[in-house]
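Colleague: Have a look at this one.
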Amino acid sequence: MGSARPAVARMRRSRFTLASLYLAAGLGVLYLLLSLVVPAVERVTDTRSAASGESGWQASVLKASRILRTHGDTAAWATAAAALAGFVLPLLIRPARYLVWLLAVAVFLLDIAVVVGSYSGMLGQAIREANEGLGR
């Protein structure tokens, strides 16, 4: 008479989501990019003079990197707290897993933007210097 649901369909789905791992990994990579890669690229090219009068993406990344290096411990704790919140929040509130997925994708795209912005600035500087060298 009544439709009997299979036992598998009645099992409660886990609230754990892989987005928490992706978010934690993305935040860790972002921290390492801003604390190690961006300063290395900054040492290779003299971007200080370009960043001081510029308000573009590269200037924003350089400023974020300098702030992170100045407040390293606070930034590390904030990164760890955000990653931990990505694990705990979906366990407490089920719809929060969609927010964690959204944040994980946003952090992943930000990682890509930081890398592309840093290296494109470095390559642009190298091309400008090469063109100046050919013009002499």
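A note on labels: chains of the structure tokens are A, B, ... as shown, every chain counts residues from 1, and ligands are counted from 1 in their shown order.
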Excluding Pro39 of chain A and any residue of its chain fewer than 6 positions from it, enumerate the residues within 10 Å of it, using only C-alpha atoms, and give them as a PDB file with C-alpha atoms, in the first residue's frame.

Modeller:
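That gives us selection_13.pdb:
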```pdb
ATOM      1  CA  LEU A  33      51.901  32.876  -2.238  1.00  0.00           C
ATOM      2  CA  THR A  45      61.695  43.173 -10.580  1.00  0.00           C
ATOM      3  CA  LEU A  62      52.014  43.863  -3.271  1.00  0.00           C
ATOM      4  CA  SER A  65      51.810  40.811   0.734  1.00  0.00           C
ATOM      5  CA  ARG A  66      53.469  43.575   2.745  1.00  0.00           C
ATOM      6  CA  ARG A  69      54.528  39.917   6.176  1.00  0.00           C
ATOM      7  CA  SER A 118      52.683  38.414 -10.099  1.00  0.00           C
TER       8      SER A 118
END
```

Colleague: Among chain A, which residues does DSSP mark as alpha helix (DSSP H) when it is run on the backbone? Keep the chain and numbering as in the structure and answer as a PyMOL selection string.

Modeller: chain A and resi 7-10+19-32+38-44+48-53+57-70+72-92+96-135

Colleague: May I have the residues within 9 Å of segment 120-123 of chain A as a ChimeraX atom specification, using only C-alpha atoms and disregarding those fewer than 3 positions away in the same chain?

Modeller: /A:41-42,44-47,58,115-117,126-128

Colleague: Write to file, as an mmCIF file, in the first residue's frame, the residues of the selection just made, with N, CA, C and O atoms.

Modeller:
```
data_model
loop_
_atom_site.group_PDB
_atom_site.id
_atom_site.type_symbol
_atom_site.label_atom_id
_atom_site.label_comp_id
_atom_site.auth_asym_id
_atom_site.auth_seq_id
_atom_site.Cartn_x
_atom_site.Cartn_y
_atom_site.Cartn_z
ATOM 1 N N VAL A 41 59.155 37.606 -6.364
ATOM 2 C CA VAL A 41 58.936 38.293 -7.640
ATOM 3 C C VAL A 41 59.250 39.777 -7.486
ATOM 4 O O VAL A 41 59.802 40.398 -8.389
ATOM 5 N N GLU A 42 58.928 40.332 -6.340
ATOM 6 C CA GLU A 42 59.205 41.756 -6.084
ATOM 7 C C GLU A 42 60.710 42.025 -6.058
ATOM 8 O O GLU A 42 61.158 43.063 -6.516
ATOM 9 N N VAL A 44 62.912 40.282 -7.778
ATOM 10 C CA VAL A 44 63.411 40.110 -9.144
ATOM 11 C C VAL A 44 63.174 41.371 -9.959
ATOM 12 O O VAL A 44 64.040 41.815 -10.705
ATOM 13 N N THR A 45 62.013 41.945 -9.837
ATOM 14 C CA THR A 45 61.695 43.173 -10.580
ATOM 15 C C THR A 45 61.561 44.321 -9.589
ATOM 16 O O THR A 45 61.147 44.143 -8.453
ATOM 17 N N ASP A 46 61.900 45.469 -10.030
ATOM 18 C CA ASP A 46 61.759 46.638 -9.164
ATOM 19 C C ASP A 46 60.339 47.164 -9.314
ATOM 20 O O ASP A 46 60.079 48.081 -10.078
ATOM 21 N N THR A 47 59.408 46.571 -8.573
ATOM 22 C CA THR A 47 57.999 46.963 -8.689
ATOM 23 C C THR A 47 57.622 48.026 -7.671
ATOM 24 O O THR A 47 56.503 48.494 -7.675
ATOM 25 N N GLN A 58 48.299 44.541 -9.450
ATOM 26 C CA GLN A 58 49.631 44.231 -8.950
ATOM 27 C C GLN A 58 49.953 45.052 -7.699
ATOM 28 O O GLN A 58 50.540 44.538 -6.746
ATOM 29 N N VAL A 115 48.939 34.503 -8.727
ATOM 30 C CA VAL A 115 50.067 33.945 -9.479
ATOM 31 C C VAL A 115 50.176 34.596 -10.850
ATOM 32 O O VAL A 115 51.263 35.035 -11.254
ATOM 33 N N VAL A 116 49.059 34.687 -11.556
ATOM 34 C CA VAL A 116 49.087 35.274 -12.893
ATOM 35 C C VAL A 116 49.487 36.742 -12.821
ATOM 36 O O VAL A 116 50.308 37.214 -13.616
ATOM 37 N N GLY A 117 48.944 37.475 -11.853
ATOM 38 C CA GLY A 117 49.297 38.887 -11.709
ATOM 39 C C GLY A 117 50.754 39.096 -11.372
ATOM 40 O O GLY A 117 51.412 39.981 -11.931
ATOM 41 N N ALA A 126 60.400 42.420 -17.618
ATOM 42 C CA ALA A 126 61.513 41.850 -18.387
ATOM 43 C C ALA A 126 61.406 42.216 -19.866
ATOM 44 O O ALA A 126 62.414 42.526 -20.508
ATOM 45 N N ILE A 127 60.197 42.202 -20.409
ATOM 46 C CA ILE A 127 60.016 42.565 -21.818
ATOM 47 C C ILE A 127 60.326 44.041 -22.039
ATOM 48 O O ILE A 127 60.978 44.417 -23.023
ATOM 49 N N ARG A 128 59.885 44.906 -21.111
ATOM 50 C CA ARG A 128 60.197 46.336 -21.234
ATOM 51 C C ARG A 128 61.702 46.572 -21.190
ATOM 52 O O ARG A 128 62.241 47.360 -21.968
#
```

Colleague: Need the shell around Ala85 of chain A: protein/DNA/RNA residues with any atom at most 10 Å away, counting only C-alpha atoms. Skip same-chain ones fewer than 3 positions apart. Format as a list in words?

Modeller: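 Contacts, with the query itself left out: Ser20, Leu23, Ala24, Thr79, Ala80, Ala81, Ala82, Val88, Leu89, Pro90, Leu91 and Val100 of chain A.
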
Colleague: Could you check how far atom CA of Phe16 of chain A sits from atom CA of Val105 of chain A, in Å to one decimal?

Modeller: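 Calculated distance between atom CA of Phe16 of chain A and atom CA of Val105 of chain A is 17.0 Å.
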
Colleague: Can you list, as a list in words, every protein, DNA or RNA residue that comes within 9 Å of Leu103 of chain A when you count only C-alpha atoms, leaving out same-chain residues fewer than 3 positions away?

Modeller: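 Returned residues: Ala19, Leu23, Gly86, Tyr98, Leu99, Val100, Ala106, Val107 and Phe108 of chain A.
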
Colleague: Emit the selected residues as a PDB file, in the first residue's frame, including all heavy atoms.

Modeller:
```
ATOM      1  N   ALA A  19      34.625  20.425   0.330  1.00  0.00           N
ATOM      2  CA  ALA A  19      34.888  21.855   0.178  1.00  0.00           C
ATOM      3  C   ALA A  19      35.712  22.381   1.339  1.00  0.00           C
ATOM      4  O   ALA A  19      36.522  23.301   1.167  1.00  0.00           O
ATOM      5  CB  ALA A  19      33.585  22.628   0.078  1.00  0.00           C
ATOM      6  N   LEU A  23      38.974  24.473   0.768  1.00  0.00           N
ATOM      7  CA  LEU A  23      39.094  25.809   1.336  1.00  0.00           C
ATOM      8  C   LEU A  23      40.365  25.926   2.165  1.00  0.00           C
ATOM      9  O   LEU A  23      41.118  26.893   2.038  1.00  0.00           O
ATOM     10  CB  LEU A  23      37.870  26.146   2.190  1.00  0.00           C
ATOM     11  CG  LEU A  23      37.881  27.510   2.885  1.00  0.00           C
ATOM     12  CD1 LEU A  23      37.907  28.631   1.860  1.00  0.00           C
ATOM     13  CD2 LEU A  23      36.676  27.648   3.791  1.00  0.00           C
ATOM     14  N   GLY A  86      35.547  26.577   8.068  1.00  0.00           N
ATOM     15  CA  GLY A  86      35.090  25.831   6.908  1.00  0.00           C
ATOM     16  C   GLY A  86      34.776  24.380   7.236  1.00  0.00           C
ATOM     17  O   GLY A  86      33.956  23.754   6.576  1.00  0.00           O
ATOM     18  N   TYR A  98      27.144  25.002   1.128  1.00  0.00           N
ATOM     19  CA  TYR A  98      27.152  25.704  -0.154  1.00  0.00           C
ATOM     20  C   TYR A  98      28.000  26.976  -0.068  1.00  0.00           C
ATOM     21  O   TYR A  98      28.706  27.324  -1.007  1.00  0.00           O
ATOM     22  CB  TYR A  98      25.729  26.041  -0.594  1.00  0.00           C
ATOM     23  CG  TYR A  98      24.871  24.811  -0.738  1.00  0.00           C
ATOM     24  CD1 TYR A  98      23.791  24.592   0.110  1.00  0.00           C
ATOM     25  CD2 TYR A  98      25.156  23.855  -1.698  1.00  0.00           C
ATOM     26  CE1 TYR A  98      23.008  23.452  -0.010  1.00  0.00           C
ATOM     27  CE2 TYR A  98      24.389  22.709  -1.817  1.00  0.00           C
ATOM     28  CZ  TYR A  98      23.319  22.513  -0.972  1.00  0.00           C
ATOM     29  OH  TYR A  98      22.560  21.384  -1.091  1.00  0.00           O
ATOM     30  N   LEU A  99      27.930  27.638   1.062  1.00  0.00           N
ATOM     31  CA  LEU A  99      28.775  28.809   1.287  1.00  0.00           C
ATOM     32  C   LEU A  99      30.246  28.414   1.307  1.00  0.00           C
ATOM     33  O   LEU A  99      31.094  29.113   0.748  1.00  0.00           O
ATOM     34  CB  LEU A  99      28.391  29.494   2.603  1.00  0.00           C
ATOM     35  CG  LEU A  99      29.252  30.683   3.020  1.00  0.00           C
ATOM     36  CD1 LEU A  99      29.083  31.830   2.030  1.00  0.00           C
ATOM     37  CD2 LEU A  99      28.897  31.116   4.417  1.00  0.00           C
ATOM     38  N   VAL A 100      30.559  27.295   1.928  1.00  0.00           N
ATOM     39  CA  VAL A 100      31.951  26.827   1.985  1.00  0.00           C
ATOM     40  C   VAL A 100      32.439  26.488   0.577  1.00  0.00           C
ATOM     41  O   VAL A 100      33.574  26.801   0.220  1.00  0.00           O
ATOM     42  CB  VAL A 100      32.089  25.630   2.948  1.00  0.00           C
ATOM     43  CG1 VAL A 100      33.478  25.042   2.894  1.00  0.00           C
ATOM     44  CG2 VAL A 100      31.755  26.061   4.365  1.00  0.00           C
ATOM     45  N   ALA A 106      36.149  30.655  -4.701  1.00  0.00           N
ATOM     46  CA  ALA A 106      36.639  32.041  -4.736  1.00  0.00           C
ATOM     47  C   ALA A 106      38.110  32.115  -4.334  1.00  0.00           C
ATOM     48  O   ALA A 106      38.899  32.827  -4.963  1.00  0.00           O
ATOM     49  CB  ALA A 106      35.790  32.914  -3.820  1.00  0.00           C
ATOM     50  N   VAL A 107      38.497  31.372  -3.303  1.00  0.00           N
ATOM     51  CA  VAL A 107      39.901  31.375  -2.865  1.00  0.00           C
ATOM     52  C   VAL A 107      40.785  30.742  -3.931  1.00  0.00           C
ATOM     53  O   VAL A 107      41.890  31.217  -4.202  1.00  0.00           O
ATOM     54  CB  VAL A 107      40.049  30.658  -1.500  1.00  0.00           C
ATOM     55  CG1 VAL A 107      41.495  30.381  -1.174  1.00  0.00           C
ATOM     56  CG2 VAL A 107      39.422  31.495  -0.399  1.00  0.00           C
ATOM     57  N   PHE A 108      40.308  29.665  -4.571  1.00  0.00           N
ATOM     58  CA  PHE A 108      41.065  29.036  -5.646  1.00  0.00           C
ATOM     59  C   PHE A 108      41.291  30.016  -6.795  1.00  0.00           C
ATOM     60  O   PHE A 108      42.405  30.127  -7.322  1.00  0.00           O
ATOM     61  CB  PHE A 108      40.323  27.791  -6.132  1.00  0.00           C
ATOM     62  CG  PHE A 108      40.969  27.112  -7.303  1.00  0.00           C
ATOM     63  CD1 PHE A 108      42.137  26.394  -7.145  1.00  0.00           C
ATOM     64  CD2 PHE A 108      40.404  27.196  -8.559  1.00  0.00           C
ATOM     65  CE1 PHE A 108      42.737  25.767  -8.219  1.00  0.00           C
ATOM     66  CE2 PHE A 108      40.993  26.573  -9.638  1.00  0.00           C
ATOM     67  CZ  PHE A 108      42.163  25.858  -9.476  1.00  0.00           C
TER      68      PHE A 108
END
```

Colleague: What's the separation between atom CA of Trp57 of chain A and atom CA of Leu102 of chain A, in Å to one decimal place?

Modeller: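 Computed distance, atom CA of Trp57 of chain A to atom CA of Leu102 of chain A, equals 22.0 Å.
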